[in-house]
Amino acid sequence: MSRPYDSVGRRGFLKTAATGAAGVVAGAKPGAAQAPPDSAQQVVPSDLTLRVKALESLLVDKGLVDRAALDRIVDAFETKIGPRNGARVVARAWVDPAYKTRLLADAATAMEELGFHRHQGEDIVALENTSKIHNMVVCTLCSCYPWPLLGLPPVWYKSAPYRSRAVIDPRGVLKEFGVDINADVEVRVWDSTSEIRYFVLPERPHGSERLDEEALAALVTRDSMLGTARVTLGATQVPA
Amino acid sequence: MNGVHDMGGMHGMGPIRHEPDEPTFHERWEGRVYALSRVLRTRGGLWNLDANRHGLEVLPPVDYVRMSYYEKWFALMLTTVVAAGDVTQAEVQTGSPAAGSPRKAVLVTPEAVSSMVDRRASARRNAAVVPRFKAGQRVRARNVHPPGHTRLPRYVRGRSGVVLVDRGVFLFPDTNAHLRGEKPQHLYSVRFAAREIWGEQASPRDFVHLDMWDDYLQPV
């Protein structure tokens, strides 16, 4: 088998790098306690804090990385790129049937109408949940997720329990999320094996007819756009 | 590869731990690893998305299961920065640039972040490739076990389904991950009955939809 790392031998190399990581820590903070690479201490967060800081410092010193750029990337995902973006798309589709038709036919172009870049939504597909069809999204092989619309994936989505079970026991998984699916409803699990990204257009909750687009967007949760939750009115005051 | 990452259908992984109001990053270092990865990925080559995924797949299985998500990313990053020539192993050991080593050009300036951060590099290609299958056609996922990177999960190999839609031409991750070219080909959304995959225990109303490249499929 040919790998990009043939000359080194991938696993042997990782071991070397782990040893190197301890060196990075020592370089950044002389006298810091060094765990042997194979010890369990290697995985404790405080150790990772030091090791990541050390690699970042090295890459900054080499000139490759600008710290301010890293700050901006982190800030963008903590404050701008998140499920509120997807919620706006869903709310618009609920109040505007023509928009919904466009969204289901060509999600990327429909997203652009709301100010999302054409490029970011390329190869994105919206899946409509109805009273007869329930869609849910998973990536069994890694962590593929519609992040331009929903932000970075939560830990549970990337975890072994969800990835392993979503395809073999979707109804059981949904039940754990508090979503009961009637036996006559078709369940479609979308395993994100390619660069196509899927997100769910959830059902509009009953009793929300008088809510405006903004109020509707506030109801839409991240999980509902993955198909692991329904949208509910919750404690929302519906205008008479 | 038939690795531990290929988890669809496995048992015994424990309960799903859902965290309400989960933060984007639980620890500061996680955000730094994510941001570093985004910046370094602009280098291409060994940093291409498929090579990166494969790099995670070949982590020792025990580590793959034990490590947290961004911890795996960091473990891979430590190997890739050296393999891609960003730094030397000696520099990783000492934590400082080698004496007299030339300063490298910055990969991403702060000003460039806003125009790159919410964009995904598309894997779609304009190559004129003839599709081998069409919507509505019955197909079978090949029963193959490539030792390298593949996006054909074990649980669906040998199973038959129906092509829902031809998504167009995309680069092929199985070759791209190993820097053996993009081999652009048609990608299809294929619908498999859950009972075809899992047997009688599955609901007759459940379906699993997967994206599959021409090379993964054969006619029924």
# chains A, B, ... in the order shown; residues from 1 in each chain; ligands from 1

call {"tool": "closest_atom_pairs", "arguments": {"of": "chain B", "to": "chain A", "cutoff": "7 Å", "atoms": "only C-alpha atoms", "output": "Markdown table"}}
result
| residue | atom | partner | partner_atom | distance |
| --- | --- | --- | --- | --- |
| B:His5 | CA | A:Leu141 | CA | 5.7 |
| B:Asp6 | CA | A:Leu141 | CA | 5.0 |
| B:Met7 | CA | A:Ser164 | CA | 4.8 |
| B:Gly8 | CA | A:Ser164 | CA | 4.3 |
| B:Gly9 | CA | A:Ser164 | CA | 5.0 |
| B:Met10 | CA | A:Ser164 | CA | 5.1 |
| B:His11 | CA | A:Ser164 | CA | 7.0 |
| B:Met13 | CA | A:Pro161 | CA | 4.9 |
| B:Gly14 | CA | A:Pro161 | CA | 5.7 |
| B:Pro15 | CA | A:Pro161 | CA | 6.0 |
| B:Ile16 | CA | A:Pro161 | CA | 5.4 |
| B:Arg17 | CA | A:Trp156 | CA | 5.9 |
| B:His18 | CA | A:Trp156 | CA | 5.8 |
| B:Glu22 | CA | A:Pro154 | CA | 6.9 |
| B:Thr24 | CA | A:Glu78 | CA | 5.8 |
| B:Trp29 | CA | A:Thr49 | CA | 5.4 |
| B:Gly31 | CA | A:Val74 | CA | 5.7 |
| B:Arg32 | CA | A:Leu70 | CA | 6.7 |
| B:Val33 | CA | A:Val52 | CA | 7.0 |
| B:Ala35 | CA | A:Leu70 | CA | 5.2 |
| B:Leu36 | CA | A:Leu70 | CA | 6.6 |
| B:Leu78 | CA | A:Ala17 | CA | 5.8 |
| B:Thr79 | CA | A:Ala17 | CA | 5.7 |
| B:Val92 | CA | A:Gly20 | CA | 5.6 |
| B:Gln93 | CA | A:Gly23 | CA | 4.3 |
| B:Thr94 | CA | A:Gly27 | CA | 5.2 |
| B:Gly95 | CA | A:Val24 | CA | 4.3 |
| B:Ser96 | CA | A:Leu58 | CA | 5.6 |
| B:Pro97 | CA | A:Lys62 | CA | 6.0 |
| B:Arg103 | CA | A:Gly63 | CA | 5.4 |
| B:Lys104 | CA | A:Gly63 | CA | 4.9 |
| B:Ala105 | CA | A:Leu64 | CA | 5.7 |
| B:Val106 | CA | A:Leu64 | CA | 4.2 |
| B:Leu107 | CA | A:Leu64 | CA | 5.5 |
| B:Val108 | CA | A:Ala69 | CA | 6.7 |
| B:Thr109 | CA | A:Ala69 | CA | 5.8 |
| B:Pro110 | CA | A:Ala69 | CA | 4.0 |
| B:Val113 | CA | A:Ala69 | CA | 6.3 |
| B:Val117 | CA | A:Ile73 | CA | 6.4 |
| B:Asp118 | CA | A:Pro148 | CA | 5.8 |
| B:Arg119 | CA | A:Gln120 | CA | 4.4 |
| B:Arg120 | CA | A:Gln120 | CA | 5.6 |
| B:Ser122 | CA | A:Glu122 | CA | 6.9 |
| B:Ala123 | CA | A:Glu195 | CA | 6.5 |
| B:Pro147 | CA | A:Met1 | CA | 6.4 |
| B:Gly148 | CA | A:Met1 | CA | 6.5 |
| B:Arg151 | CA | A:Thr193 | CA | 5.7 |
| B:His178 | CA | A:Pro4 | CA | 5.3 |
| B:Leu179 | CA | A:Pro4 | CA | 6.7 |
| B:Trp198 | CA | A:Ile168 | CA | 6.9 |
| B:Arg205 | CA | A:Glu186 | CA | 4.8 |
| B:Asp206 | CA | A:Val187 | CA | 4.7 |
| B:Phe207 | CA | A:Arg188 | CA | 4.9 |
| B:Val208 | CA | A:Val189 | CA | 4.7 |
| B:His209 | CA | A:Trp190 | CA | 4.8 |
| B:Leu210 | CA | A:Asp191 | CA | 5.2 |
| B:Asp211 | CA | A:Thr193 | CA | 5.6 |

call {"tool": "select_by_dssp", "arguments": {"residues": "region 20-216 of chain A", "states": "alpha helix (DSSP H)", "output": "ChimeraX atom specification"}}
result
/A:20-28,45-61,67-79,83-95,97-105,107-113,147-150,155-158,160-165,170-176,213-216

call {"tool": "atom_distance", "arguments": {"atom1": "CA of Gly227 (chain A)", "atom2": "CA of Thr130 (chain A)"}}
result
11.2 Å

call {"tool": "residues_around", "arguments": {"residues": "region 158-163 of chain B", "least_positions_apart": "6", "cutoff": "6 Å", "atoms": "only C-alpha atoms", "output": "CSV table (one decimal) with C-alpha atoms, in the first residue's frame"}}
result
chain,number,residue,atom,x,y,z
B,135,ALA,CA,-30.7,7.9,-11.7
B,136,GLY,CA,-33.1,5.0,-11.0
B,137,GLN,CA,-30.6,2.3,-11.9
B,138,ARG,CA,-30.0,-0.6,-9.4
B,139,VAL,CA,-26.4,-0.9,-8.4
B,140,ARG,CA,-24.2,-2.8,-6.0
B,141,ALA,CA,-21.5,-1.4,-3.8
B,142,ARG,CA,-18.4,-3.4,-4.7
B,143,ASN,CA,-17.1,-5.9,-2.1
B,190,VAL,CA,-27.4,5.9,-3.6
B,191,ARG,CA,-30.3,4.7,-1.5
B,192,PHE,CA,-30.1,1.4,0.4

call {"tool": "select_by_dssp", "arguments": {"residues": "region 162-204 of chain A", "states": "strand (DSSP E)", "output": "count of residues only"}}
result
11

call {"tool": "atom_distance", "arguments": {"atom1": "CA of Leu233 (chain A)", "atom2": "CA of Leu211 (chain A)"}}
result
10.0 Å

call {"tool": "atom_distance", "arguments": {"atom1": "CA of Pro61 (chain B)", "atom2": "CA of Gly12 (chain B)"}}
result
15.5 Å

call {"tool": "decode", "arguments": {"residues": "region 159-179 of chain A", "atoms": "N, CA and C atoms", "output": "PDB file, in the first residue's frame"}}
result
ATOM      1  N   SER A 159     -18.680  11.647  17.866  1.00  0.00           N
ATOM      2  CA  SER A 159     -18.322  10.573  18.796  1.00  0.00           C
ATOM      3  C   SER A 159     -18.663   9.194  18.242  1.00  0.00           C
ATOM      4  N   ALA A 160     -17.947   8.193  18.749  1.00  0.00           N
ATOM      5  CA  ALA A 160     -18.161   6.810  18.314  1.00  0.00           C
ATOM      6  C   ALA A 160     -19.599   6.337  18.545  1.00  0.00           C
ATOM      7  N   PRO A 161     -20.227   6.654  19.677  1.00  0.00           N
ATOM      8  CA  PRO A 161     -21.587   6.155  19.882  1.00  0.00           C
ATOM      9  C   PRO A 161     -22.576   6.617  18.796  1.00  0.00           C
ATOM     10  N   TYR A 162     -22.532   7.882  18.441  1.00  0.00           N
ATOM     11  CA  TYR A 162     -23.464   8.367  17.415  1.00  0.00           C
ATOM     12  C   TYR A 162     -23.085   7.813  16.040  1.00  0.00           C
ATOM     13  N   ARG A 163     -21.813   7.879  15.696  1.00  0.00           N
ATOM     14  CA  ARG A 163     -21.371   7.423  14.383  1.00  0.00           C
ATOM     15  C   ARG A 163     -21.674   5.941  14.174  1.00  0.00           C
ATOM     16  N   SER A 164     -21.532   5.142  15.212  1.00  0.00           N
ATOM     17  CA  SER A 164     -21.740   3.698  15.044  1.00  0.00           C
ATOM     18  C   SER A 164     -23.226   3.335  14.982  1.00  0.00           C
ATOM     19  N   ARG A 165     -24.053   4.039  15.732  1.00  0.00           N
ATOM     20  CA  ARG A 165     -25.442   3.616  15.880  1.00  0.00           C
ATOM     21  C   ARG A 165     -26.425   4.272  14.927  1.00  0.00           C
ATOM     22  N   ALA A 166     -26.117   5.473  14.443  1.00  0.00           N
ATOM     23  CA  ALA A 166     -27.103   6.216  13.650  1.00  0.00           C
ATOM     24  C   ALA A 166     -27.576   5.423  12.433  1.00  0.00           C
ATOM     25  N   VAL A 167     -26.680   4.631  11.830  1.00  0.00           N
ATOM     26  CA  VAL A 167     -27.066   3.912  10.619  1.00  0.00           C
ATOM     27  C   VAL A 167     -27.754   2.583  10.899  1.00  0.00           C
ATOM     28  N   ILE A 168     -27.451   1.954  12.025  1.00  0.00           N
ATOM     29  CA  ILE A 168     -28.020   0.621  12.294  1.00  0.00           C
ATOM     30  C   ILE A 168     -29.264   0.709  13.171  1.00  0.00           C
ATOM     31  N   ASP A 169     -29.380   1.770  13.958  1.00  0.00           N
ATOM     32  CA  ASP A 169     -30.526   1.900  14.856  1.00  0.00           C
ATOM     33  C   ASP A 169     -31.002   3.347  14.938  1.00  0.00           C
ATOM     34  N   PRO A 170     -31.406   3.900  13.788  1.00  0.00           N
ATOM     35  CA  PRO A 170     -31.757   5.334  13.798  1.00  0.00           C
ATOM     36  C   PRO A 170     -32.933   5.646  14.717  1.00  0.00           C
ATOM     37  N   ARG A 171     -33.912   4.735  14.758  1.00  0.00           N
ATOM     38  CA  ARG A 171     -35.076   5.024  15.604  1.00  0.00           C
ATOM     39  C   ARG A 171     -34.707   4.993  17.088  1.00  0.00           C
ATOM     40  N   GLY A 172     -33.808   4.085  17.452  1.00  0.00           N
ATOM     41  CA  GLY A 172     -33.351   4.029  18.837  1.00  0.00           C
ATOM     42  C   GLY A 172     -32.567   5.284  19.213  1.00  0.00           C
ATOM     43  N   VAL A 173     -31.724   5.727  18.292  1.00  0.00           N
ATOM     44  CA  VAL A 173     -30.949   6.950  18.538  1.00  0.00           C
ATOM     45  C   VAL A 173     -31.895   8.145  18.683  1.00  0.00           C
ATOM     46  N   LEU A 174     -32.856   8.221  17.769  1.00  0.00           N
ATOM     47  CA  LEU A 174     -33.789   9.361  17.825  1.00  0.00           C
ATOM     48  C   LEU A 174     -34.577   9.349  19.129  1.00  0.00           C
ATOM     49  N   LYS A 175     -34.934   8.163  19.568  1.00  0.00           N
ATOM     50  CA  LYS A 175     -35.674   8.055  20.832  1.00  0.00           C
ATOM     51  C   LYS A 175     -34.835   8.605  21.987  1.00  0.00           C
ATOM     52  N   GLU A 176     -33.543   8.298  21.972  1.00  0.00           N
ATOM     53  CA  GLU A 176     -32.661   8.849  23.009  1.00  0.00           C
ATOM     54  C   GLU A 176     -32.602  10.365  22.968  1.00  0.00           C
ATOM     55  N   PHE A 177     -32.768  10.910  21.783  1.00  0.00           N
ATOM     56  CA  PHE A 177     -32.791  12.366  21.638  1.00  0.00           C
ATOM     57  C   PHE A 177     -34.189  12.928  21.940  1.00  0.00           C
ATOM     58  N   GLY A 178     -35.107  12.042  22.308  1.00  0.00           N
ATOM     59  CA  GLY A 178     -36.451  12.505  22.642  1.00  0.00           C
ATOM     60  C   GLY A 178     -37.367  12.640  21.439  1.00  0.00           C
ATOM     61  N   VAL A 179     -36.992  12.021  20.322  1.00  0.00           N
ATOM     62  CA  VAL A 179     -37.805  12.102  19.110  1.00  0.00           C
ATOM     63  C   VAL A 179     -38.401  10.723  18.820  1.00  0.00           C
TER      64      VAL A 179
END
